[in-house]
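One file, coords-v4.txt, carrying compact mmCIF, C-alpha atoms and all ligand atoms:
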```txt
# COMPACT_ATOMS: atom_id res chain seq x y z
CA MET A 1 25.32 21.97 28.46
CA ILE A 2 22.22 24.11 28.83
CA VAL A 3 18.78 23.59 27.30
CA PHE A 4 16.65 26.53 26.26
CA ASP A 5 13.07 26.60 25.07
CA LEU A 6 13.12 28.95 22.12
CA ARG A 7 10.36 30.54 20.11
CA CYS A 8 10.84 31.59 16.48
CA ASP A 9 9.32 34.62 14.79
CA SER A 10 6.49 32.41 13.46
CA GLY A 11 5.57 31.25 16.97
CA HIS A 12 7.09 27.75 16.85
CA VAL A 13 8.50 26.66 20.18
CA PHE A 14 11.44 24.28 20.20
CA GLU A 15 14.27 23.10 22.40
CA ALA A 16 17.89 23.79 21.65
CA TRP A 17 21.12 22.80 23.35
CA PHE A 18 24.01 25.16 24.01
CA ALA A 19 27.38 24.96 25.71
CA SER A 20 26.43 27.90 27.93
CA GLY A 21 24.08 30.85 28.19
CA SER A 22 26.59 33.12 26.51
CA ALA A 23 27.07 30.56 23.70
CA TYR A 24 23.34 30.91 23.02
CA ASP A 25 23.62 34.72 22.99
CA ASP A 26 26.55 34.59 20.54
CA GLN A 27 24.94 32.04 18.20
CA ALA A 28 21.54 33.74 18.23
CA ALA A 29 23.13 37.13 17.53
CA ALA A 30 25.08 35.60 14.62
CA GLY A 31 21.87 34.08 13.17
CA GLN A 32 23.13 30.52 13.74
CA VAL A 33 20.09 29.39 15.71
CA ALA A 34 17.37 28.31 13.30
CA CYS A 35 13.84 27.09 13.98
CA PRO A 36 13.71 23.33 13.11
CA LEU A 37 10.17 23.76 11.75
CA CYS A 38 10.55 26.74 9.43
CA GLY A 39 14.26 27.60 9.40
CA VAL A 40 13.74 31.16 10.63
CA THR A 41 16.81 32.42 12.48
CA LYS A 42 14.93 35.13 14.35
CA VAL A 43 14.45 33.34 17.65
CA ALA A 44 14.08 34.31 21.28
CA LYS A 45 13.93 32.46 24.56
CA ALA A 46 10.39 31.31 25.20
CA VAL A 47 8.90 31.76 28.64
CA MET A 48 7.91 28.18 29.34
CA ALA A 49 7.93 27.41 33.02
CA PRO A 50 5.75 29.15 35.61
CA SER A 51 8.82 29.50 37.84
CA ILE A 52 10.55 31.56 35.15
CA ALA A 53 7.44 33.70 34.75
CA ALA A 54 7.28 34.32 38.48
CA LYS A 55 10.88 35.47 38.44
CA SER A 56 10.23 37.73 35.45
CA ASN A 57 7.22 39.25 37.17
CA ARG A 58 9.30 40.45 40.05
CA SER A 59 11.40 42.52 37.67
CA GLY A 60 8.24 43.84 36.04
CA ASN A 61 8.20 42.00 32.73
CA GLY A 62 6.88 38.75 31.33
CA PRO A 63 3.30 37.44 31.27
CA ALA A 64 1.31 36.82 34.45
CA PRO A 65 1.58 33.26 35.82
CA ALA A 66 -2.10 32.60 35.02
CA ALA A 67 -1.54 33.54 31.38
CA VAL A 68 1.52 31.30 31.23
CA LYS A 69 -0.42 28.41 32.76
CA ALA A 70 -3.24 28.87 30.24
CA MET A 71 -0.71 28.98 27.40
CA LEU A 72 1.05 25.85 28.66
CA ARG A 73 -2.27 24.02 29.00
CA GLN A 74 -3.22 25.01 25.46
CA MET A 75 0.14 23.83 24.11
CA ALA A 76 -0.06 20.55 26.04
CA GLU A 77 -3.55 19.93 24.64
CA HIS A 78 -2.33 20.74 21.16
CA GLN A 79 0.53 18.26 21.53
CA ALA A 80 -1.83 15.58 22.91
CA THR A 81 -4.11 16.06 19.90
CA ALA A 82 -1.18 15.90 17.50
CA LEU A 83 0.09 12.70 19.12
CA ARG A 84 -3.28 10.93 19.32
CA ASP A 85 -2.83 9.34 15.89
CA SER A 86 0.90 9.03 16.23
CA GLU A 87 2.62 5.75 17.15
CA TRP A 88 5.10 5.64 20.03
CA VAL A 89 8.22 3.88 18.72
CA GLY A 90 10.52 4.57 21.66
CA SER A 91 14.23 4.35 20.98
CA ALA A 92 13.57 3.02 17.45
CA PHE A 93 12.56 6.55 16.43
CA ALA A 94 15.70 7.43 14.44
CA ASP A 95 15.65 4.11 12.51
CA ARG A 96 11.92 4.32 11.76
CA ALA A 97 12.06 8.00 10.72
CA ARG A 98 15.00 7.25 8.43
CA SER A 99 13.38 4.21 6.76
CA MET A 100 10.20 6.24 6.14
CA HIS A 101 12.27 9.04 4.66
CA GLU A 102 14.06 6.54 2.41
CA GLY A 103 10.77 4.95 1.32
CA VAL A 104 11.56 1.59 2.95
CA GLU A 105 8.52 1.96 5.18
CA ALA A 106 5.17 3.69 4.58
CA VAL A 107 5.12 7.20 6.04
CA ARG A 108 2.96 7.55 9.12
CA PRO A 109 3.04 9.76 12.22
CA ILE A 110 5.45 8.48 14.86
CA HIS A 111 7.07 9.86 17.96
CA GLY A 112 9.76 8.49 20.19
CA GLN A 113 13.15 9.11 21.66
CA ALA A 114 16.34 10.12 19.91
CA SER A 115 19.67 11.18 21.27
CA LEU A 116 20.99 14.60 20.35
CA ALA A 117 23.46 12.93 17.96
CA GLU A 118 20.68 10.90 16.31
CA ALA A 119 18.42 13.95 15.97
CA LYS A 120 21.29 15.95 14.47
CA ALA A 121 22.10 13.16 11.99
CA LEU A 122 18.43 12.97 10.92
CA VAL A 123 18.24 16.73 10.38
CA GLU A 124 21.49 16.65 8.37
CA GLU A 125 20.06 13.85 6.19
CA GLY A 126 17.02 16.01 5.51
CA VAL A 127 14.63 13.83 7.50
CA PRO A 128 11.83 16.07 8.83
CA VAL A 129 11.90 15.69 12.61
CA ALA A 130 11.16 18.14 15.39
CA PRO A 131 11.47 18.03 19.15
CA LEU A 132 8.18 18.09 21.06
CA PRO A 133 7.53 21.10 23.28
CA PHE A 134 6.61 18.84 26.19
CA PRO A 135 8.24 15.63 27.37
CA VAL A 136 6.18 12.55 26.56
CA VAL A 137 5.84 9.74 29.08
CA PRO A 138 6.71 6.50 27.24
CA PRO A 139 3.70 4.11 27.31
CA GLU A 140 5.74 1.38 28.98
CA LYS A 141 6.57 3.71 31.88
CA ALA A 142 3.04 5.11 32.17
CA ASN A 143 1.64 1.70 33.12
ZN ZN B 1 9.49 28.44 13.09
```
Output the file's structure as structure tokens, nothing else.
Amino acid sequence: MIVFDLRCDSGHVFEAWFASGSAYDDQAAAGQVACPLCGVTKVAKAVMAPSIAAKSNRSGNGPAPAAVKAMLRQMAEHQATALRDSEWVGSAFADRARSMHEGVEAVRPIHGQASLAEAKALVEEGVPVAPLPFPVVPPEKAN
């Protein structure tokens, strides 16, 4: 299993899981990798970590580490803003998202944890969910 940070043609960054690096190449080339936010299948690996940028720099491509850091900071701030009014529901995320989708519960912003299987099931049921670009520290662990 390998996790890639991908960026779609519209600039959305998301995480995706693949069996291997070549599995990603095959699926992306076949248009089977779609952005969870807009469904665009034109995606590329996003340069996310400064260590990756440093490696890219040595071969003469990729943004400068300072630019990557600034971009990461901007994205982290954007996520923090987006989550400010969102309720942390922890491992109840899949259940809560589903009951909101089914109208059992009033729709409100939530974020939490879901397994890959849970996230996949939600997407297949048409529940709008998306992975966050940055890991969130659960409130109970932050204390
Ligand atoms: Zn997109």
Considering all atoms listed in the file, tabulate each residue of chain A that lies at most 9 Å from ligand ZN 1 (chain B) along with its nearest interatomic pair and the corresponding distance in Å to one decimal; arrange the rows by chain and ascending residue number and present them as a Markdown table.
```
| residue | atom | partner | partner_atom | distance |
| --- | --- | --- | --- | --- |
| A:Arg7 | CA | B:ZN1 | ZN | 7.4 |
| A:Cys8 | CA | B:ZN1 | ZN | 4.8 |
| A:Asp9 | CA | B:ZN1 | ZN | 6.4 |
| A:Ser10 | CA | B:ZN1 | ZN | 5.0 |
| A:Gly11 | CA | B:ZN1 | ZN | 6.2 |
| A:His12 | CA | B:ZN1 | ZN | 4.5 |
| A:Val13 | CA | B:ZN1 | ZN | 7.4 |
| A:Phe14 | CA | B:ZN1 | ZN | 8.5 |
| A:Ala34 | CA | B:ZN1 | ZN | 7.9 |
| A:Cys35 | CA | B:ZN1 | ZN | 4.6 |
| A:Pro36 | CA | B:ZN1 | ZN | 6.6 |
| A:Leu37 | CA | B:ZN1 | ZN | 4.9 |
| A:Cys38 | CA | B:ZN1 | ZN | 4.2 |
| A:Gly39 | CA | B:ZN1 | ZN | 6.1 |
| A:Val40 | CA | B:ZN1 | ZN | 5.6 |
| A:Thr41 | CA | B:ZN1 | ZN | 8.4 |
| A:Lys42 | CA | B:ZN1 | ZN | 8.7 |
| A:Val43 | CA | B:ZN1 | ZN | 8.3 |
```
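In terms of minimum interatomic distance to A:Ala46, A:Pro133 ranks closest within A:Gly21, A:Pro109, A:Pro133, A:Pro139, counting all atoms listed in the file.
The residue that comes closest to A:Ser91, out of A:Glu118, A:Glu124, A:Glu105, A:Asp26 and on the basis of all atoms listed in the file, is A:Glu118.
Here atom CA of A:Val3 is placed at a distance of 26.7 Å from atom CA of A:Arg84.
Between A:Ala94 and the candidates A:Thr81, A:Gln32, A:Gln74, A:Ser115, the tightest atom-to-atom separation, counting all atoms listed in the file, involves A:Ser115.
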If I put a ball of radius 10 Å at (3.9, 17.7, 23.8) in the file's coordinates, which residues poke into it when counting all atoms listed in the file, written as a list in words?
-> Leu72, Met75, Ala76, Glu77, His78, Gln79, Ala80, Thr81, Ala82, Leu83, Pro131, Leu132, Pro133, Phe134, Pro135, Val136 and Val137 of chain A
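Our summary of the geometry notes that atom CA of A:Glu125 is positioned 16.4 Å from atom CA of A:Val107.
Here atom CA of A:Phe4 and atom CA of A:Ala16 stand 5.5 Å from one another.
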If you count only C-alpha atoms, which residues fall within 10 Å of A:Gly126, apart from same-chain ones fewer than 4 positions away, as a PyMOL selection string?
-> chain A and resi 98+101+120-122
Using only C-alpha atoms, give me every residue within 7 Å of (8.0, 12.1, 13.0) in file coordinates, as a list in words.
-> Ala97, Pro109, Ile110, His111, Pro128 and Val129 of chain A
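Using only C-alpha atoms, the nearest neighbour of A:Asp95 within the list A:Val127, A:Leu116, A:Lys69, A:Ala64 is A:Val127.
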